[in-house]
Amino acid sequence: MQSKSKPIITDPAAVKQKRRKQVRNWLILIAVVILIISTVNLVRFLTRTTTVSAMSLPCYAHQDVTVFQDGVLYYDGASIHFVNAGGGIEWSYPVGDGAAFSVSEDHLVIWAGTQLFIVNEKGKPSYNESMESPIQFARIGRKYAAVITGDELKPNLIVTDMQGTQIDTEIDALDGMYILDCGFYGANNEYLWVLAYDVYNPAISTIMYTYQVGSMNTGDVRLGEHLAYKVIYADTQLNVFTTQQMYIYDYRGVQSVNDTMLVYGWKYLDHAVPERGATQFLLAPTAQTSTVRSITELRVFSSTLDRRYTLPSSCVGAAISSGRIFAFSESYLYAGQVNSQRFYAHDMNLPDDRIVTDFVGLTDNGYAIVISDSEVYSVSLPK
């Protein structure tokens with residue numbers, strides 16, 4: 001008995017159709033596999049959580065810890081020390097007790113009673129002498145130092161060069177003023193702004209004075225009843241933050257009315273200059289930046305941008321640098337792009353299950369300085 005065999009397809013059209021069907025099925029299978037692999041990789045990428053390294057620094061939170069270049073400065077009651085982000089002390093400068101200091105990009109100005117010190121980034125002094133009156137505070141720029149001396153309501157403003165040579169003084173214009181802050185600005189730091197509070201005015205009144213170093217020609221800007229608390233020189237303009245508005249002035253104190261920005265309910269945290277475009281300012285809700293910080297929202301604005309962000313959890317501080325936003329919760333460093341709403345979580349892994357309680361700032365070489373109760377740590381920023 002002969003078995004039946006399958007008929008052999010000899011029709012060329014039928015053979016061609018069968019092969020097409022097989023090829024189509026294989027292509028569909030390959031496409032599905034590629035789609036599955038791509039989806040898995042995308043999910044892994046978007047939900048990734050990586051760790052960063054943390055290094056303990058040899059200083060404590062109460063020691064005036066201040067970010068300076070690639071590390072921090074701190075004052076132990078006798079000397080000011082510079083510590084790199086790896087924890088090594090690079091230099092120390094003795095100043096005695098009762099001292100305070102302020103920094104610029106590459107200098108320190110230190111004061112204690114009537115004594116004034118000007119020190120460079122290597123810890124080498126260019127000036128160490130006594131002033132005629134007790135020093136309230138001092139600020140330093142690239143070429144000059146501004147020193148506020150005398151009584152709180154009868155202050156003297158003295159401008160010196162880096163060797164302590166007196167360049168300018170101002171007394172009469174500041175009589176009856178409580179000096180809040182001052183700083184240098186201009187391409188060569190040739191101008192000086194001074195923020196003052198008029199204590200004798202029945203209404204609340206904050207004034208910004210502007211000076212040209214060496215000429216001491218004075219201009220003044222009445223900022224009104226809303227307290228001014230921050231002045232940033234950026235994009236060749238003075239950006240003045242009050243509790244209500246951010247005002248913009250040129251180097252002579254002439255206001256750019258059209259550029260006024262409403263910032264009521266928001267407080268300045270940080271700013272950065274991107275590779276392209278205008279300076280970007282980082283703010284957080286005022287109610288979330290009290291003594292105990294609990295920041296859940298951020299805002300970034302510039303002349304061409306105004307964007308809001310929601311953080312994955314409550315944070316104690318935040319900063320902006322090179323188009324990126326960094327926020328710090330008790331356990332995680334959140335990193336995101338200014339042009340994105342997504343933040344990636346990086347476990348900071350502080351030793352002994354410590355949590356972050358405060359944020360100090362970012363170093364120039366890519367570290368964040370954070371505080372855990374009294375301990376200070378440097379944390380590497382994710383690349």
# chains A, B, ... in the order shown; residues from 1 in each chain; ligands from 1

$ residues_around --residues "His346 (chain A)" --least-positions-apart "6" --cutoff "12 Å" --atoms "only C-alpha atoms" --output "MDAnalysis selection string"
chainID A and resid 47:54 312 326:336 379:383

$ residues_around --residues "region 222-231 of chain A" --least-positions-apart "6" --cutoff "9 Å" --atoms "only C-alpha atoms" --output "list in words"
Leu180, Asp181, Cys182, Gly183, Trp193, Leu195, Tyr197, Ala203, Ile204, Ser205, Thr206, Ile207, Met208, Tyr209, Leu238, Asn239, Val240, Phe241, Thr242, Thr243, Gln244, Gln245, Tyr247 and Tyr268 of chain A

$ closest_atom_pairs --of "region 202-261 of chain A" --to "region 148-160 of chain A" --cutoff "10 Å" --atoms "only C-alpha atoms" --output "CSV"
residue,atom,partner,partner_atom,distance
A:Val213,CA,A:Val159,CA,7.7
A:Gly214,CA,A:Val159,CA,8.8
A:Met216,CA,A:Val159,CA,9.7

$ write_last_selection --atoms "N, CA and C atoms" --output "short mmCIF file (atom, residue, chain, number, x, y, z; two decimals), in the first residue's frame"
data_model
loop_
_atom_site.label_atom_id
_atom_site.label_comp_id
_atom_site.auth_asym_id
_atom_site.auth_seq_id
_atom_site.Cartn_x
_atom_site.Cartn_y
_atom_site.Cartn_z
N VAL A 213 34.73 103.47 41.92
CA VAL A 213 35.92 103.45 42.76
C VAL A 213 36.97 104.40 42.19
N GLY A 214 37.51 105.23 43.06
CA GLY A 214 38.51 106.20 42.64
C GLY A 214 37.93 107.56 42.35
N MET A 216 34.37 108.12 43.43
CA MET A 216 33.40 108.18 44.52
C MET A 216 32.21 109.06 44.16
#

$ closest_residue --among "A:Ser56, A:Thr279, A:Gln63, A:Thr291" --to "Asn84 (chain A)" --atoms "only C-alpha atoms"
A:Ser56

$ residues_around --residues "Glu275 (chain A)" --least-positions-apart "4" --cutoff "12 Å" --atoms "only C-alpha atoms" --output "list in words"
Thr279, Gln280, Ser321, Ser322, Gly323 and Arg324 of chain A

$ closest_residue --among "A:Ile135, A:Ala278, A:Leu283, A:Val72" --to "Trp266 (chain A)" --atoms "only C-alpha atoms"
A:Leu283

$ atom_distance --atom1 "CA of Tyr251 (chain A)" --atom2 "CA of Val273 (chain A)"
19.0 Å

$ residues_around --residues "region 369-377 of chain A" --least-positions-apart "3" --cutoff "6 Å" --atoms "only C-alpha atoms" --output "PyMOL selection string"
chain A and resi 55-57+60-61+355-361

$ closest_residue --among "A:Ile171, A:Leu269, A:Ile89, A:Ala78" --to "Cys59 (chain A)" --atoms "only C-alpha atoms"
A:Ile89

$ select_by_dssp --residues "region 245-325 of chain A" --states "helix (DSSP H, G or I)" --output "list in words"
Val257, Asn258, Asp259, Thr286, Ala287 and Gln288 of chain A

$ write_last_selection --atoms "N, CA and C atoms" --output "CSV table (one decimal), in the first residue's frame"
chain,number,residue,atom,x,y,z
A,257,VAL,N,12.8,99.3,33.4
A,257,VAL,CA,11.5,99.1,33.9
A,257,VAL,C,10.8,97.9,33.3
A,258,ASN,N,11.0,97.7,32.0
A,258,ASN,CA,10.4,96.6,31.3
A,258,ASN,C,10.9,95.2,31.8
A,259,ASP,N,12.0,95.1,32.4
A,259,ASP,CA,12.6,93.8,32.8
A,259,ASP,C,12.3,93.5,34.3
A,286,THR,N,9.2,81.0,49.4
A,286,THR,CA,9.7,81.6,50.7
A,286,THR,C,9.3,80.8,51.9
A,287,ALA,N,8.0,80.3,51.9
A,287,ALA,CA,7.5,79.5,53.1
A,287,ALA,C,8.3,78.3,53.3
A,288,GLN,N,9.0,77.8,52.2
A,288,GLN,CA,9.8,76.5,52.4
A,288,GLN,C,11.2,76.7,52.7

$ closest_residue --among "A:Gly186, A:Pro274, A:Gly253, A:Gly123" --to "Arg142 (chain A)" --atoms "only C-alpha atoms"
A:Gly186
